[in-house]
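**Q** Here it is, the structure in full.
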Amino acid sequence: MKTVSVKLVPLGKELQAREGTPLIDILHEYGVEFPCGGKGTCGKCRVKVLEGEIDTDPNHLDRLSELGLDSDWRLACLSSCSSDLVLEVGQYETIIQADETAFEFTPGTGLGIAFDLGTTTLVGQLLDLSTGKILAVETAMNPQKVYGSDLITRLETALHDGPEEMTGIIRVKIGEMIERMMKNQDSPLDRVVIVGNTVMHHFFCGHDIKSLSFYPFESANTEMARFSTRALEWNYVDCSQVWFYPSIGSFVGSDILAGILATGMYKKEGYSVLIDLGTNGEIVIGNNKRLLCASTAAGPAFEGARISQGMQATTGAISSILSKGEDWQCTVIGRGEAKGICGSGLIDAVAVLLDNQLMGDFGEIQSGEPEINLNSRVKLTQKDIQEFQLAKAAIAAGIEILIRKLGISSLDVKDVFIAGGFGNYINLSNVVRVGMLEFPEERMHKLGNSALMGGKMFLFEDTSHPSAILEITEHVSLESEPDFQDIFVEKLAF
Ligand code: FES
């Protein structure tokens with residue numbers, strides 16, 4: 001039988017396979033996952049055909065169109081190598097997390113769409129409100145990224161050039177995603193729920209962003225906003241309920257509000273903690289009587305910024321490190337050569353250095369050298385370790401302040417929910433080892449995309465529901481707390 005070559009981009013690997021070999025048989029060896037087990041429903045195994053041909057049958061074409069993938073894409077789980085191929089593997093791009101968690105709901109009518117509007121990524125899911133079934137999923141990078149990857153840069157750009165462009169491109173992008181999801185749907189769209197951080201809220205709604213850009217960074221408007229599809233110029237669908245959910249405080253948005261709903265912490269007698277380790281590192285602690293929330297400036301180190309070889313969790317990033325004595329095993333996303341280290345890898349690296357007594361309790365490299373090699377290509381410098389200390393101390397101190405304000409101890413906390421894509425990949429025992437979270441490991445739960453899950457739950461709720469959560473939620477400005485500096489310094493040590 002003929003042999004064909006399959007080249008994987010951006011991995012740079014070329015492999016040989018017998019003509020007709022299913023792609024699932026060869027790709028799983030290269031770290032490609034098949035989350036729905038190859039049923040063709042999740043779209044996560046998608047590959048872009050850069051050269052060559054992959055034949056499709058009617059079922060495959062139906063799946064591609066349901067998933068809104070254009071003609072360059074194929075689902076690896078439904079494909080085989082029928083010719084020499086050059087494939088770009090979708091999973092090697094930035095990981096965008098959707099949500100498939102089941103939850104209880106009171107059935108409604110028509111269709112609903114929930115959106116998690118993130119700084120980096122966008123995820124939308126279309127649901128049948130009578131059954132709760134997910135009918136379509138759309139993911140994309142936030143198009144505002146061309147104006148800067150972080151919120152501050154985008155705010156500066158909007159201040160300088162006017163915010164209209166930032167508002168316009170995000171509205172157009174979400175509209176396109178909705179159009180793709182609504183294709184071939186007969187039922188009417190009843191409502192759209194969008195959740196996101198405060199800056200995304202302001203940009204989408206067209207609110208004045210000046211007050212968000214200067215000290216004391218207060219929001220001009222944290223209210224729930226309602227639009228019609230006509231007002232947003234989404235003319236292919238008619239819906240009078242497009243809701244952007246309210247923010248909790250200046251830098252705690254409706255993504256966290258949705259997270260509170262998803263965890264159910266606002267209904268429980270016992271205390272819970274919700275931590276979103278995204279750009280800002282938001283924390284919520286409390287129960288059915290009182291919830292305190294705060295944001296910390298912890299994010300950049302975990303997202304790769306300010307770390308000499310830091311990068312986001314994409315191809316080439318060391319995502320985890322296991323140490324067996326002197327032997328360290330680094331896992332690299334995409335299984336290629338390591339180019340840098342992402343947040344989860346950074347936590348592991350620090351834990352490994354501590355376990356091997358290569359670093360002291362104050363973060364000092366014991367050898368006295370300015371850096372340590374993690375492998376032949378990636379190193380961690382003394383300054384990187386200091387950046388990590390600042391980030392982990394910000395989180396640990398934020399938690400400590402909120403716990404003290406509630407008059408409880410960490411032992412009173414029953415559940416700790418860790419949200420966000422990054423949270424999903426971290427090693428919990430190492431998070432405890434480095435002193436970022438000081439809770440028993442068995443009480444910690446990885447939550448995935450709780451913003452999207454909460455957004456979907458809001459689709460089934462009365463729109464007055466967020467006010468029930470907001471009534472018991474207080475925003476705490478950590479920097480204004482008199483103890484903050486002392487606790488922060490205390491938490492710098494390992
Ligand atoms: S594994 Fe889910 S679509 Fe292929």
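Ligands are numbered from 1 in the order shown, chains are lettered A, B, ... in the order of the structure tokens, and residues start at 1 in each chain.
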So that I can check the surroundings of Lys2 (chain A), please list as a PyMOL selection string every protein, DNA and RNA residue that reaches within 12 Å of it, counting only C-alpha atoms and ignoring chain neighbours fewer than 5 positions away.

**A** chain A and resi 16-21+81-84

**Q** List all protein, DNA and RNA residues that have at least one atom no more than 8 Å from any atom of ligand 1, counting only C-alpha atoms and all ligand atoms, and write them as a ChimeraX atom specification.

**A** /A:33-46,75-78

**Q** Based on the selection just made, write C-alpha atoms of those residues as a short mmCIF file (atom, residue, chain, number, x, y, z; two decimals), in the first residue's frame.

**A**
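Printed below is out.cif as written:
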data_model
loop_
_atom_site.label_atom_id
_atom_site.label_comp_id
_atom_site.auth_asym_id
_atom_site.auth_seq_id
_atom_site.Cartn_x
_atom_site.Cartn_y
_atom_site.Cartn_z
CA GLU A 33 -6.98 15.38 22.07
CA PHE A 34 -10.36 14.14 20.92
CA PRO A 35 -12.66 15.51 23.61
CA CYS A 36 -15.98 14.13 22.30
CA GLY A 37 -14.37 10.79 21.61
CA GLY A 38 -14.41 11.26 17.85
CA LYS A 39 -18.17 11.76 17.49
CA GLY A 40 -17.64 14.88 15.43
CA THR A 41 -19.63 17.07 17.81
CA CYS A 42 -17.08 19.15 19.73
CA GLY A 43 -14.97 20.44 16.83
CA LYS A 44 -11.86 20.49 19.02
CA CYS A 45 -9.91 18.09 16.79
CA ARG A 46 -10.19 20.40 13.80
CA LEU A 75 -12.42 17.16 11.73
CA ALA A 76 -9.47 14.88 12.34
CA CYS A 77 -11.71 12.30 14.00
CA LEU A 78 -13.67 11.88 10.74
#

**Q** Excluding Ile321 (chain A) and its own-chain neighbours fewer than 4 positions away, which residues fall within 12 Å of it when counting only C-alpha atoms? Please give them as a ChimeraX atom specification.

**A** /A:317,327-333,341-353,374-375,425-427,430

**Q** Just the residues within 9 Å of Met181 (chain A), please, counting only C-alpha atoms, with nothing from its chain fewer than 5 positions along; format it as a VMD selection string.

**A** chain A and resid 66 to 68 113 124 to 126 135 to 138 176

**Q** Which residue is closest to Ser247 (chain A)? Choose from A:Ile401, A:Ile318, A:Leu470, A:Leu492 and count only C-alpha atoms.

**A**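 Ranking A:Ile401, A:Ile318, A:Leu470, A:Leu492 by distance to Ser247 (chain A), first place goes to A:Leu470.
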
**Q** Using DSSP on the backbone, list every residue of region 40-130 of chain A that comes out as alpha helix (DSSP H), and give them as number ranges by chain.

**A** A: 58-66

**Q** Include N, CA and C atoms and write out the residues we just selected as a PDB file, in the first residue's frame.

**A**
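Produced file again25.pdb, reproduced below:
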ATOM      1  N   PRO A  58     -21.013  13.179   3.349  1.00  0.00           N
ATOM      2  CA  PRO A  58     -22.079  14.127   3.734  1.00  0.00           C
ATOM      3  C   PRO A  58     -22.145  14.366   5.243  1.00  0.00           C
ATOM      4  N   ASN A  59     -21.918  13.305   6.040  1.00  0.00           N
ATOM      5  CA  ASN A  59     -21.958  13.469   7.507  1.00  0.00           C
ATOM      6  C   ASN A  59     -20.889  14.467   7.967  1.00  0.00           C
ATOM      7  N   HIS A  60     -19.669  14.304   7.413  1.00  0.00           N
ATOM      8  CA  HIS A  60     -18.554  15.189   7.763  1.00  0.00           C
ATOM      9  C   HIS A  60     -18.892  16.641   7.374  1.00  0.00           C
ATOM     10  N   LEU A  61     -19.444  16.812   6.173  1.00  0.00           N
ATOM     11  CA  LEU A  61     -19.790  18.174   5.725  1.00  0.00           C
ATOM     12  C   LEU A  61     -20.853  18.797   6.628  1.00  0.00           C
ATOM     13  N   ASP A  62     -21.835  17.966   7.047  1.00  0.00           N
ATOM     14  CA  ASP A  62     -22.875  18.475   7.970  1.00  0.00           C
ATOM     15  C   ASP A  62     -22.265  18.942   9.272  1.00  0.00           C
ATOM     16  N   ARG A  63     -21.340  18.126   9.782  1.00  0.00           N
ATOM     17  CA  ARG A  63     -20.700  18.483  11.068  1.00  0.00           C
ATOM     18  C   ARG A  63     -19.935  19.794  10.946  1.00  0.00           C
ATOM     19  N   LEU A  64     -19.192  19.921   9.844  1.00  0.00           N
ATOM     20  CA  LEU A  64     -18.402  21.153   9.646  1.00  0.00           C
ATOM     21  C   LEU A  64     -19.317  22.371   9.599  1.00  0.00           C
ATOM     22  N   SER A  65     -20.453  22.196   8.902  1.00  0.00           N
ATOM     23  CA  SER A  65     -21.321  23.380   8.803  1.00  0.00           C
ATOM     24  C   SER A  65     -22.000  23.658  10.137  1.00  0.00           C
ATOM     25  N   GLU A  66     -22.369  22.609  10.896  1.00  0.00           N
ATOM     26  CA  GLU A  66     -22.957  22.838  12.238  1.00  0.00           C
ATOM     27  C   GLU A  66     -21.975  23.569  13.146  1.00  0.00           C
TER      28      GLU A  66
END

**Q** Excluding Thr101 (chain A) and residues on its chain fewer than 6 positions from it, collect all residues at most 12 Å away from it, counting only C-alpha atoms, and give them as a PyMOL selection string.

**A** chain A and resi 132-134+262-263+447-454+456-457

**Q** Near region 294-297 of chain A, counting only C-alpha atoms, which residues have an atom at most 8 Å away, once you skip same-chain residues fewer than 5 positions from it, shown as a list in words?

**A** Phe251, Val252, Thr279, Asn280, Gly281, Glu282, Ile283, Val284, Ala391, Ala394, Ile395, Gly398, His475, Val476, Ser477 and Leu478 of chain A

**Q** For the residues in that selection, give me N, CA and C atoms as a CSV table (one decimal), in the first residue's frame.

**A**
chain,number,residue,atom,x,y,z
A,251,PHE,N,-13.2,46.7,38.9
A,251,PHE,CA,-12.5,45.8,38.0
A,251,PHE,C,-13.0,44.3,38.3
A,252,VAL,N,-14.2,44.2,38.7
A,252,VAL,CA,-14.8,42.9,38.9
A,252,VAL,C,-16.1,42.9,38.1
A,279,THR,N,-6.5,37.6,33.9
A,279,THR,CA,-5.6,38.8,33.9
A,279,THR,C,-5.5,39.5,35.2
A,280,ASN,N,-6.7,39.7,35.9
A,280,ASN,CA,-6.7,40.4,37.1
A,280,ASN,C,-6.5,39.6,38.4
A,281,GLY,N,-6.9,38.3,38.3
A,281,GLY,CA,-6.9,37.5,39.5
A,281,GLY,C,-8.0,37.9,40.5
A,282,GLU,N,-9.2,37.7,40.1
A,282,GLU,CA,-10.3,38.1,41.0
A,282,GLU,C,-10.6,37.0,42.0
A,283,ILE,N,-11.1,37.5,43.2
A,283,ILE,CA,-11.4,36.6,44.3
A,283,ILE,C,-12.7,36.9,44.9
A,284,VAL,N,-13.5,35.9,45.2
A,284,VAL,CA,-14.8,36.1,45.9
A,284,VAL,C,-14.9,35.1,47.0
A,391,ALA,N,3.2,38.0,42.3
A,391,ALA,CA,1.8,37.5,41.9
A,391,ALA,C,1.2,36.6,42.9
A,394,ALA,N,0.1,38.5,46.0
A,394,ALA,CA,-1.1,39.3,45.8
A,394,ALA,C,-2.3,38.4,45.9
A,395,ILE,N,-2.3,37.2,45.4
A,395,ILE,CA,-3.5,36.3,45.5
A,395,ILE,C,-3.6,35.9,47.0
A,398,GLY,N,-4.8,38.8,49.2
A,398,GLY,CA,-6.2,39.1,48.9
A,398,GLY,C,-7.1,38.2,49.6
A,475,HIS,N,-17.8,45.0,47.1
A,475,HIS,CA,-16.4,45.0,46.5
A,475,HIS,C,-15.4,45.6,47.5
A,476,VAL,N,-14.3,45.0,47.6
A,476,VAL,CA,-13.3,45.5,48.6
A,476,VAL,C,-12.1,45.9,47.8
A,477,SER,N,-11.6,47.1,48.0
A,477,SER,CA,-10.4,47.6,47.4
A,477,SER,C,-9.2,47.2,48.3
A,478,LEU,N,-8.5,46.2,47.8
A,478,LEU,CA,-7.4,45.6,48.7
A,478,LEU,C,-6.4,46.7,49.1

**Q** Env of Ile170 (chain A): 10 Å cut, atoms = only C-alpha atoms, seq-sep filter 5 positions within chain, self excluded. Answer as an MDAnalysis selection string.

**A** chainID A and resid 117 122 142:144 165 175:176 200 203:204

**Q** Write a file of the selected residues as a short mmCIF file (atom, residue, chain, number, x, y, z; two decimals), in the first residue's frame, keeping C-alpha atoms.

**A**
data_model
loop_
_atom_site.label_atom_id
_atom_site.label_comp_id
_atom_site.auth_asym_id
_atom_site.auth_seq_id
_atom_site.Cartn_x
_atom_site.Cartn_y
_atom_site.Cartn_z
CA LEU A 117 -16.49 38.03 26.21
CA LEU A 122 -14.65 34.86 22.87
CA ASN A 142 -11.01 38.89 20.59
CA PRO A 143 -10.39 41.11 17.52
CA GLN A 144 -9.40 44.00 19.83
CA GLU A 165 -13.43 51.34 16.88
CA GLY A 175 -22.72 39.47 15.56
CA GLU A 176 -20.86 37.27 13.03
CA MET A 200 -15.24 44.66 27.92
CA PHE A 203 -16.38 48.81 25.25
CA PHE A 204 -19.34 46.68 24.14
#

**Q** Hey, which of A:Ile24, A:Met182, A:Leu261, A:Leu212 ends up closest to Val47 (chain A)? Count only C-alpha atoms.

**A**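 Using only C-alpha atoms, Val47 (chain A) sits closest to A:Ile24.
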
**Q** Could you please write out, as a list in words, every residue of region 341-406 of chain A that DSSP assigns to strand (DSSP E or B)?

**A**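 For region 341-406 of chain A, the strand (DSSP E or B) set is Ile341, Met359, Ile365, Glu371, Ile372, Asn373, Lys379, Leu380 and Thr381 of chain A.
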
**Q** Which of these, A:Ala396, A:Ala102, A:Leu50, A:Leu257, has the shortest distance to Ala468 (chain A) once you count only C-alpha atoms?

**A** A:Leu257

**Q** From the set A:Leu159, A:Ala419, A:Ile169, A:Met177, which residue has the shortest atom-to-atom contact distance to Ile275 (chain A), counting only C-alpha atoms?

**A**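 Selected residue with least distance to Ile275 (chain A): A:Ala419.
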
**Q** Which one is closest to Val273 (chain A): A:Lys145, A:Gly420, A:Arg443, A:Phe217? Count only C-alpha atoms.

**A** A:Arg443

**Q** Of the candidates A:Val195, A:Leu85, A:Met166, A:Ile152, which one gets nearest to Phe115 (chain A) if we count only C-alpha atoms?

**A** A:Val195

**Q** Record the distance separating CA of Thr314 (chain A) and CA of Val431 (chain A), expressed in Å with one decimal.

**A**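 Pair CA of Thr314 (chain A) / CA of Val431 (chain A) returns 20.9 Å.
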
**Q** Go ahead and compute the interatomic distance for CA of Glu104 (chain A) and CA of Val123 (chain A), in Å to one decimal.

**A**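 CA of Val123 (chain A) lies 21.3 Å from CA of Glu104 (chain A).
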